[in-house]
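A.B. asks: So that you have it, the file is start.txt, and it contains compact mmCIF, C-alpha atoms and all ligand atoms:
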# COMPACT_ATOMS: atom_id res chain seq x y z
CA MET A 1 91.51 119.62 104.17
CA ASN A 2 92.89 123.16 104.18
CA ILE A 3 92.04 124.85 100.88
CA LEU A 4 93.83 128.12 100.11
CA VAL A 5 91.63 130.42 98.01
CA VAL A 6 93.62 133.21 96.31
CA ASP A 7 91.47 135.84 94.58
CA ASP A 8 91.58 139.64 94.55
CA ASN A 9 87.78 139.86 94.26
CA LYS A 10 86.13 139.74 97.70
CA CYS A 11 82.81 138.63 96.28
CA ILE A 12 84.39 135.62 94.53
CA ARG A 13 86.49 134.82 97.61
CA ASP A 14 83.31 134.70 99.69
CA VAL A 15 81.42 132.51 97.18
CA ILE A 16 84.30 130.03 96.69
CA GLY A 17 85.02 130.03 100.42
CA ALA A 18 81.39 129.15 101.13
CA MET A 19 81.49 126.33 98.56
CA VAL A 20 84.65 124.91 100.13
CA LEU A 21 83.04 125.08 103.57
CA ALA A 22 79.89 123.38 102.28
CA SER A 23 82.11 120.55 101.01
CA GLU A 24 83.36 120.15 104.59
CA HIS A 25 86.84 121.52 103.94
CA GLN A 26 88.50 124.49 105.63
CA PRO A 27 88.77 127.55 103.36
CA ILE A 28 91.68 129.95 103.94
CA VAL A 29 90.93 133.01 101.82
CA VAL A 30 93.52 135.60 100.82
CA ASP A 31 93.53 138.47 98.34
CA GLY A 32 96.98 138.29 96.78
CA HIS A 33 100.50 136.89 96.63
CA VAL A 34 101.87 138.30 99.91
CA ALA A 35 99.13 136.78 102.05
CA ALA A 36 99.14 133.56 100.00
CA LEU A 37 102.87 132.96 100.48
CA ASP A 38 102.56 133.84 104.16
CA LYS A 39 99.83 131.21 104.67
CA LEU A 40 101.80 128.63 102.71
CA ARG A 41 104.84 129.19 104.93
CA ARG A 42 102.87 128.93 108.15
CA LEU A 43 100.07 126.43 107.51
CA VAL A 44 99.65 123.00 106.01
CA ILE A 45 97.79 123.65 102.76
CA ASP A 46 96.33 120.71 100.86
CA VAL A 47 95.00 122.39 97.69
CA ILE A 48 95.29 125.91 96.24
CA LEU A 49 92.44 127.50 94.23
CA MET A 50 94.15 130.28 92.32
CA ASP A 51 92.66 133.21 90.43
CA ILE A 52 94.70 134.07 87.33
CA GLU A 53 93.95 137.74 86.77
CA MET A 54 95.17 139.60 89.85
CA PRO A 55 96.89 143.00 90.13
CA GLU A 56 100.56 143.20 91.18
CA VAL A 57 101.36 139.48 90.84
CA ASP A 58 99.06 137.36 88.69
CA GLY A 59 98.15 133.72 89.33
CA LEU A 60 100.61 132.33 86.79
CA THR A 61 103.53 134.22 88.33
CA LEU A 62 102.43 133.32 91.85
CA THR A 63 102.26 129.65 90.80
CA ARG A 64 105.85 129.82 89.58
CA MET A 65 106.85 131.44 92.88
CA VAL A 66 105.11 128.67 94.85
CA ARG A 67 106.75 125.91 92.81
CA LYS A 68 110.16 127.53 93.31
CA GLU A 69 109.87 128.09 97.06
CA PHE A 70 108.08 124.94 98.23
CA SER A 71 109.61 121.58 97.44
CA GLN A 72 106.49 119.69 98.52
CA TRP A 73 103.95 119.47 95.73
CA ILE A 74 100.63 121.17 96.51
CA PRO A 75 97.91 120.82 93.85
CA ILE A 76 97.01 124.14 92.23
CA ILE A 77 93.67 124.58 90.45
CA PHE A 78 93.26 127.79 88.45
CA LEU A 79 89.96 129.63 88.48
CA SER A 80 89.44 132.07 85.63
CA ALA A 81 86.62 133.68 83.70
CA ASN A 82 88.76 133.28 80.59
CA ASP A 83 88.31 129.84 79.04
CA SER A 84 90.72 130.22 76.14
CA ALA A 85 92.92 127.22 75.34
CA ARG A 86 96.03 129.42 75.47
CA TYR A 87 95.23 130.44 79.06
CA LEU A 88 94.78 126.85 80.11
CA ALA A 89 98.04 125.80 78.46
CA GLU A 90 99.91 128.69 80.09
CA GLY A 91 98.48 127.74 83.47
CA ILE A 92 99.67 124.16 83.23
CA GLU A 93 103.03 125.36 81.88
CA ALA A 94 103.44 127.66 84.92
CA GLY A 95 103.08 124.68 87.26
CA GLY A 96 99.31 124.47 87.75
CA ASP A 97 97.49 121.15 87.75
CA ASP A 98 93.93 121.88 86.66
CA TYR A 99 91.76 124.68 85.36
CA LEU A 100 88.16 125.69 86.10
CA THR A 101 86.23 128.48 84.43
CA LYS A 102 84.15 130.85 86.51
CA PRO A 103 81.34 130.74 87.46
CA VAL A 104 82.25 127.53 89.18
CA LYS A 105 79.73 124.79 89.99
CA GLU A 106 79.99 123.55 93.56
CA GLU A 107 79.85 119.82 92.63
CA ILE A 108 82.59 120.21 90.04
CA LEU A 109 84.79 122.21 92.41
CA ASN A 110 84.36 119.61 95.13
CA ALA A 111 85.14 116.73 92.75
CA LYS A 112 88.30 118.48 91.50
CA ILE A 113 89.47 119.16 95.06
CA LEU A 114 88.97 115.50 95.97
CA ALA A 115 90.78 114.25 92.86
CA MET A 116 93.74 116.57 93.45
CA ALA A 117 93.92 115.71 97.14
CA ARG A 118 93.95 112.01 96.23
CA ILE A 119 96.93 112.50 93.92
CA ALA A 120 98.68 114.63 96.55
CA ARG A 121 98.18 111.88 99.15
CA MET A 122 99.56 109.24 96.80
CA LYS A 123 102.58 111.44 96.06
CA GLN A 124 103.17 111.97 99.77
CA GLN A 125 103.05 108.19 100.38
CA LEU A 126 105.47 107.67 97.51
CA ASP A 127 107.83 110.34 98.89
CA GLU A 128 107.72 108.72 102.33
CA ALA A 129 108.39 105.26 100.88
CA ASN A 130 111.32 106.67 98.88
CA LYS A 131 112.72 108.35 101.99
CA LYS A 132 112.47 105.06 103.90
CA LEU A 133 114.19 103.18 101.08
CA GLU A 134 116.90 105.81 100.95
CA MET A 135 117.46 105.43 104.70
CA LEU A 136 117.50 101.63 104.46
CA SER A 137 120.07 101.77 101.69
CA CYS A 138 122.44 103.46 104.17
CA ILE A 139 122.03 100.89 106.96
CA ASP A 140 124.01 97.68 107.40
CA PRO A 141 121.36 94.98 107.88
CA LEU A 142 123.62 92.78 110.03
CA THR A 143 124.57 95.31 112.71
CA ASN A 144 121.94 98.01 112.15
CA VAL A 145 124.56 100.75 112.11
CA LEU A 146 125.33 102.89 109.03
CA ASN A 147 126.98 101.13 106.12
CA ARG A 148 129.80 102.52 103.99
CA ARG A 149 127.41 104.45 101.76
CA GLY A 150 125.74 106.04 104.80
CA LEU A 151 129.12 106.89 106.31
CA GLU A 152 130.39 108.56 103.14
CA ARG A 153 127.27 110.67 102.97
CA GLU A 154 127.44 111.72 106.65
CA LEU A 155 131.18 112.28 106.48
CA GLN A 156 130.77 114.66 103.55
CA GLU A 157 128.28 116.69 105.58
CA SER A 158 130.35 116.67 108.79
CA TRP A 159 133.44 117.63 106.84
CA GLN A 160 131.74 120.73 105.40
CA GLN A 161 130.17 121.68 108.72
CA ASN A 162 133.36 121.30 110.72
CA ILE A 163 135.28 123.41 108.21
CA LYS A 164 132.58 126.09 108.40
CA GLN A 165 132.64 126.08 112.19
CA ARG A 166 136.45 125.71 112.29
CA GLN A 167 136.14 122.63 114.45
CA GLU A 168 138.30 119.56 114.60
CA LEU A 169 136.80 116.41 113.10
CA SER A 170 138.31 113.10 114.20
CA LEU A 171 137.84 109.71 112.63
CA LEU A 172 138.58 106.29 114.10
CA MET A 173 138.99 103.23 111.95
CA LEU A 174 138.57 100.05 113.99
CA ASP A 175 139.31 96.51 112.91
CA ILE A 176 138.61 93.34 114.90
CA ASP A 177 141.80 91.44 115.69
CA PHE A 178 142.20 87.84 114.53
CA PHE A 179 138.68 87.73 113.18
CA LYS A 180 139.57 85.16 110.55
CA ALA A 181 140.57 82.80 113.37
CA TYR A 182 137.25 83.59 115.09
CA ASN A 183 135.30 82.71 111.96
CA ASP A 184 137.38 79.65 111.22
CA HIS A 185 136.89 78.19 114.70
CA TYR A 186 133.40 79.29 115.67
CA GLY A 187 131.84 79.42 112.20
CA HIS A 188 130.35 82.24 110.15
CA PRO A 189 127.02 82.56 112.04
CA ARG A 190 128.86 83.15 115.31
CA GLY A 191 131.16 85.52 113.45
CA ASP A 192 128.06 87.47 112.47
CA GLN A 193 126.86 87.42 116.06
CA CYS A 194 130.26 88.72 117.15
CA LEU A 195 130.03 91.61 114.66
CA ARG A 196 126.64 92.53 116.15
CA GLN A 197 128.04 92.40 119.69
CA VAL A 198 131.03 94.55 118.76
CA ALA A 199 128.72 97.07 117.05
CA THR A 200 126.62 97.25 120.23
CA VAL A 201 129.67 97.85 122.44
CA LEU A 202 130.99 100.53 120.05
CA THR A 203 127.60 102.24 119.83
CA GLY A 204 127.55 102.31 123.64
CA THR A 205 130.69 104.47 123.64
CA LEU A 206 129.17 107.23 121.46
CA LEU A 207 128.71 110.40 123.49
CA LYS A 208 127.11 113.17 121.44
CA GLY A 209 124.18 113.05 119.03
CA GLU A 210 126.29 114.02 116.02
CA GLU A 211 128.80 111.20 116.60
CA LEU A 212 128.24 108.11 114.54
CA LEU A 213 129.35 104.57 113.95
CA ALA A 214 129.42 102.78 110.61
CA ARG A 215 130.38 99.32 109.47
CA TYR A 216 132.87 100.19 106.78
CA GLY A 217 133.12 96.66 105.47
CA GLY A 218 133.81 93.12 106.70
CA GLU A 219 135.13 93.39 110.25
CA GLU A 220 136.01 97.09 109.94
CA PHE A 221 134.11 99.91 111.61
CA VAL A 222 134.47 103.68 111.41
CA MET A 223 133.60 106.10 114.19
CA LEU A 224 133.13 109.74 113.27
CA LEU A 225 133.67 112.26 116.05
CA PRO A 226 132.82 115.87 115.11
CA ALA A 227 134.14 118.66 117.35
CA THR A 228 136.66 116.24 118.87
CA SER A 229 140.38 116.96 119.09
CA LEU A 230 143.02 114.40 118.27
CA SER A 231 143.95 113.90 121.94
CA GLN A 232 140.27 113.48 122.86
CA ALA A 233 139.93 110.99 120.00
CA ARG A 234 142.89 109.02 121.34
CA SER A 235 141.32 108.81 124.78
CA ARG A 236 138.02 107.74 123.14
CA GLY A 237 139.96 105.01 121.35
CA ARG A 238 141.40 103.82 124.64
CA ASN A 239 137.92 103.81 126.17
CA ILE A 240 136.72 101.63 123.31
CA ILE A 241 139.51 99.13 123.93
CA ALA A 242 138.59 99.13 127.64
CA ALA A 243 134.87 98.71 126.85
CA LEU A 244 135.61 95.66 124.69
CA ASN A 245 137.85 94.20 127.39
CA GLN A 246 134.96 94.64 129.79
CA ALA A 247 132.46 93.08 127.38
CA GLU A 248 134.58 89.90 127.32
CA ILE A 249 133.27 88.50 124.02
CA VAL A 250 135.11 85.19 124.21
CA HIS A 251 137.78 84.60 121.53
CA GLU A 252 139.92 81.61 122.48
CA PHE A 253 141.84 81.82 119.22
CA SER A 254 143.19 85.35 119.53
CA ASP A 255 146.94 85.64 120.11
CA ILE A 256 146.65 88.68 122.39
CA ALA A 257 143.62 88.29 124.68
CA PRO A 258 141.02 85.69 125.67
CA TRP A 259 138.29 87.92 124.21
CA VAL A 260 137.58 90.02 121.13
CA THR A 261 139.75 93.11 120.75
CA VAL A 262 140.16 95.83 118.14
CA SER A 263 143.01 97.83 116.67
CA ILE A 264 142.34 101.50 115.99
CA GLY A 265 143.78 104.04 113.57
CA ILE A 266 142.97 107.69 114.23
CA SER A 267 143.04 110.71 111.93
CA SER A 268 141.72 114.25 112.11
CA ASN A 269 141.16 117.10 109.70
CA THR A 270 144.12 118.91 111.31
CA LEU A 271 146.60 116.42 109.87
CA GLY A 272 146.60 117.65 106.30
CA ALA A 273 143.77 115.56 104.75
CA LYS A 274 142.39 117.56 101.82
CA ASN A 275 139.04 115.78 101.67
CA PRO A 276 136.89 113.22 103.53
CA LEU A 277 138.31 110.26 101.63
CA ALA A 278 141.85 111.31 102.56
CA LEU A 279 140.74 111.37 106.21
CA ILE A 280 139.64 107.74 105.90
CA GLU A 281 142.85 106.85 104.10
CA GLN A 282 144.95 108.38 106.90
CA ALA A 283 143.02 106.48 109.59
CA ASP A 284 143.51 103.30 107.55
CA GLN A 285 147.28 103.86 107.42
CA ALA A 286 147.35 104.43 111.18
CA LEU A 287 145.28 101.26 111.65
CA TYR A 288 147.84 99.33 109.64
CA GLN A 289 150.47 100.55 112.08
CA ALA A 290 148.35 99.53 115.07
CA LYS A 291 148.17 96.01 113.62
CA ARG A 292 151.90 95.98 112.94
CA ARG A 293 152.74 97.13 116.45
CA GLY A 294 150.89 94.18 118.00
CA ARG A 295 147.10 95.00 117.81
CA MET A 296 144.67 96.05 120.61
CA GLN A 297 145.99 99.61 120.53
CA CYS A 298 145.36 103.06 119.05
CA VAL A 299 147.75 104.74 116.66
CA LEU A 300 147.45 108.37 115.52
CA PHE A 301 148.16 109.10 111.89
CA GLN A 302 151.46 110.87 111.38
CA LYS A 303 152.83 112.02 108.08
CA THR A 304 155.62 109.51 108.67
CA THR A 305 153.23 106.70 109.74
CA ASN A 306 153.42 105.07 106.35
CA VAL A 307 157.19 105.32 105.99
CA TRP A 308 159.20 102.39 107.31
N1 LIG B 1 131.07 86.21 110.00
C1 LIG B 1 131.47 87.15 109.16
N2 LIG B 1 132.77 87.24 108.80
C2 LIG B 1 133.16 88.21 107.98
C3 LIG B 1 132.25 89.15 107.44
N3 LIG B 1 132.94 90.00 106.65
C4 LIG B 1 134.24 89.62 106.66
N4 LIG B 1 134.37 88.54 107.49
C5 LIG B 1 135.58 87.80 107.80
O1 LIG B 1 136.53 88.61 108.46
C6 LIG B 1 137.78 87.96 108.34
C7 LIG B 1 138.85 89.00 108.15
O2 LIG B 1 140.08 88.37 108.19
P1 LIG B 1 141.45 89.09 107.97
O3 LIG B 1 141.26 90.25 107.03
O4 LIG B 1 142.46 88.05 107.58
O5 LIG B 1 141.79 89.74 109.33
P2 LIG B 1 142.04 89.13 110.77
O6 LIG B 1 142.01 87.66 110.81
O7 LIG B 1 141.08 89.83 111.68
O8 LIG B 1 143.52 89.58 111.06
P3 LIG B 1 144.02 90.95 111.64
O9 LIG B 1 143.08 92.01 111.14
O10 LIG B 1 145.39 91.12 111.08
O11 LIG B 1 144.01 90.86 113.11
C8 LIG B 1 137.70 86.99 107.17
O12 LIG B 1 137.69 85.66 107.69
C9 LIG B 1 136.32 87.29 106.58
O13 LIG B 1 135.67 86.14 106.06
C10 LIG B 1 130.88 89.01 107.81
O14 LIG B 1 130.03 89.79 107.40
N5 LIG B 1 130.54 88.02 108.66
Reformat the file's structure so that it appears as structure tokens.
Ligand SMILES: Nc1nc2c(ncn2[C@@H]2O[C@H](COP(=O)(O)OP(=O)(O)OP(=O)(O)O)[C@@H](O)[C@H]2O)c(=O)[nH]1

C.D. replies:
Amino acid sequence: MNILVVDDNKCIRDVIGAMVLASEHQPIVVDGHVAALDKLRRLVIDVILMDIEMPEVDGLTLTRMVRKEFSQWIPIIFLSANDSARYLAEGIEAGGDDYLTKPVKEEILNAKILAMARIARMKQQLDEANKKLEMLSCIDPLTNVLNRRGLERELQESWQQNIKQRQELSLLMLDIDFFKAYNDHYGHPRGDQCLRQVATVLTGTLLKGEELLARYGGEEFVMLLPATSLSQARSRGRNIIAALNQAEIVHEFSDIAPWVTVSIGISSNTLGAKNPLALIEQADQALYQAKRRGRMQCVLFQKTTNVW
């Protein structure tokens, strides 16, 4: 493990450094806050051994600085010649985790380092598990693309970014045509299989890394196209219709084609939507029009789209 030793006294740095080395860890010794923060920014540090009384910035202040700057928890053990209860309490209050009085015994130091590292490892595992759970909660288990929750999160981010970069953000809402008839005739399991196949075809039409597909609900998908103009989005919509025609996912009970087709509503942040949800709402209105006009087609949102 990499153990950062922060102490203004060279003699103590050398002694503690030697103890850390003897315990088969890697000591990284520094004499104050500037060097300590620099090492923390550049290296992976597993435990910090922190002197309290230091000129310029003391150990308590430096601990607060570390806790503020670094989101990942690194155990901090204070080393001080002062063993007063008030000092210990202040140290813990500042964000430290343990306290050792100097002179330090090698066995005790080693045991404390191991105990802290064990807690840090457990916390890291917990953080990773949480991250995984968070990711899973944004994925649709049937099709493996983002679910509605994941879409809303990504859309919020894309929306902000595209405004900042003054780029057009287009959104396609796609709905499988006559899917009730598909389910009714082929059964729900084949309906599920069809949703997976459609998701695969749609994913295959994504071009750039920041583009994404989500299953918005039921047989509805949303495709988010950052840095894509409305006319580009329309041609992407047409490509999707062509890709599904090519995939020929048999649907004998559709009124418009012998295979599965989609209708598409398209909106963009240039059409007056004030927020991400309005962008979805506009695409939904355009989708409604695409259905009304006969399905298997793309319709762009127009302010008059919903007036008839
Ligand atoms: N197999 C399966 N079916 C689903 C799922 N979610 C929704 N559906 C079905 O999707 C169908 C949607 O039907 P409708 O909303 O009437 O739409 P439609 O028949 O596609 O008609 P149009 O959209 O007007 O072309 C319903 O039969 C739902 O049961 C799912 O997860 N799996």

A.B. asks: Counting all atoms listed in the file, which residue out of A:Met19, A:Met122, A:Met173, A:Met135 sits closest to Ile108 in chain A?

C.D. replies: A:Met19

A.B. asks: Could you jot down the CA of Val201 in chain A to CA of Gln161 in chain A separation for me, Å, one decimal place?

C.D. replies: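 One can read the CA of Val201 in chain A to CA of Gln161 in chain A distance as 27.5 Å.
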
A.B. asks: Record the distance separating CA of Asp192 in chain A and CA of Arg215 in chain A, expressed in Å with one decimal.

C.D. replies: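 For CA of Asp192 in chain A relative to CA of Arg215 in chain A, the distance reads 12.4 Å.
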
A.B. asks: Residues at most 8 Å from ligand LIG 1 (chain B), using only C-alpha atoms and all ligand atoms? Could they come as a PDB file with C-alpha atoms, in the coordinates of the input?

C.D. replies:
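Listing of result25.pdb after writing:
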ATOM      1  CA  LEU A 142     123.620  92.780 110.030  1.00  0.00           C
ATOM      2  CA  ASP A 175     139.310  96.510 112.910  1.00  0.00           C
ATOM      3  CA  ILE A 176     138.610  93.340 114.900  1.00  0.00           C
ATOM      4  CA  ASP A 177     141.800  91.440 115.690  1.00  0.00           C
ATOM      5  CA  PHE A 178     142.200  87.840 114.530  1.00  0.00           C
ATOM      6  CA  PHE A 179     138.680  87.730 113.180  1.00  0.00           C
ATOM      7  CA  LYS A 180     139.570  85.160 110.550  1.00  0.00           C
ATOM      8  CA  ALA A 181     140.570  82.800 113.370  1.00  0.00           C
ATOM      9  CA  TYR A 182     137.250  83.590 115.090  1.00  0.00           C
ATOM     10  CA  ASN A 183     135.300  82.710 111.960  1.00  0.00           C
ATOM     11  CA  ASP A 184     137.380  79.650 111.220  1.00  0.00           C
ATOM     12  CA  GLY A 187     131.840  79.420 112.200  1.00  0.00           C
ATOM     13  CA  HIS A 188     130.350  82.240 110.150  1.00  0.00           C
ATOM     14  CA  PRO A 189     127.020  82.560 112.040  1.00  0.00           C
ATOM     15  CA  ARG A 190     128.860  83.150 115.310  1.00  0.00           C
ATOM     16  CA  GLY A 191     131.160  85.520 113.450  1.00  0.00           C
ATOM     17  CA  ASP A 192     128.060  87.470 112.470  1.00  0.00           C
ATOM     18  CA  GLN A 193     126.860  87.420 116.060  1.00  0.00           C
ATOM     19  CA  CYS A 194     130.260  88.720 117.150  1.00  0.00           C
ATOM     20  CA  LEU A 195     130.030  91.610 114.660  1.00  0.00           C
ATOM     21  CA  GLY A 217     133.120  96.660 105.470  1.00  0.00           C
ATOM     22  CA  GLY A 218     133.810  93.120 106.700  1.00  0.00           C
ATOM     23  CA  GLU A 219     135.130  93.390 110.250  1.00  0.00           C
ATOM     24  CA  SER A 263     143.010  97.830 116.670  1.00  0.00           C
ATOM     25  CA  LYS A 291     148.170  96.010 113.620  1.00  0.00           C
ATOM     26  CA  ARG A 295     147.100  95.000 117.810  1.00  0.00           C
TER      27      ARG A 295
END

A.B. asks: Please provide the set of residues having any atom within 9 Å of range 243-245 of chain A, restricted to only C-alpha atoms, with same-chain residues fewer than 6 positions apart removed, written as number ranges by chain.

C.D. replies: A: 198, 201-202, 204-205, 257, 259-262

A.B. asks: Quick one: residues within 8 Å of Gln26 in chain A, all atoms listed in the file counted, chain neighbours fewer than 6 positions away excluded, as a list in words?

C.D. replies: Met1, Asn2, Ile3 and Val20 of chain A

A.B. asks: Just checking: using all atoms listed in the file, which residue out of A:Ala18, A:Ile92, A:Leu171, A:Val5 ends up closest to Leu212 in chain A?

C.D. replies: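 Smallest distance to Leu212 in chain A is found for A:Leu171.
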
A.B. asks: Just how far from CA of Arg64 in chain A is CA of Cys11 in chain A, in Å to one decimal?

C.D. replies: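 The value is 25.6 Å.
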
A.B. asks: Might you pull out every residue within 10 Å of range 272-281 of chain A, with only C-alpha atoms counted and same-chain residues fewer than 5 positions away left off, and present them as a PyMOL selection string?

C.D. replies: chain A and resi 152-153+155-160+169-173+222+265-267+286-287+301-303

A.B. asks: Return the padded bounding box of range 20-39 of chain A as lines of an AutoDock Vina configuration file: axis-aligned, built from all atoms listed in the file, 6 Å added on each side, with centre and edge lengths in Å to one decimal.

C.D. replies:
center_x = 91.4
center_y = 129.3
center_z = 101.1
size_x = 35.0
size_y = 30.3
size_z = 21.0

A.B. asks: Excluding Leu146 in chain A and residues on its chain fewer than 3 positions from it, collect all residues at most 10 Å away from it, counting all atoms listed in the file, and give them as an MDAnalysis selection string.

C.D. replies: chainID A and resid 135:141 143 149:152 154 212:216 221:222

A.B. asks: For Arg13 in chain A, find every residue with an atom within 10 Å (counting all atoms listed in the file), except residues of its own chain fewer than 4 positions away, and show them as a PyMOL selection string.

C.D. replies: chain A and resi 5-9+17-19+27-31+51

A.B. asks: Can you work out which one of A:Ile119, A:Ile12, A:Leu37, A:Met54 has the shortest atom-to-atom distance to Val104 in chain A, counting only C-alpha atoms?

C.D. replies: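 Under the stated criterion, the closest residue is A:Ile12.
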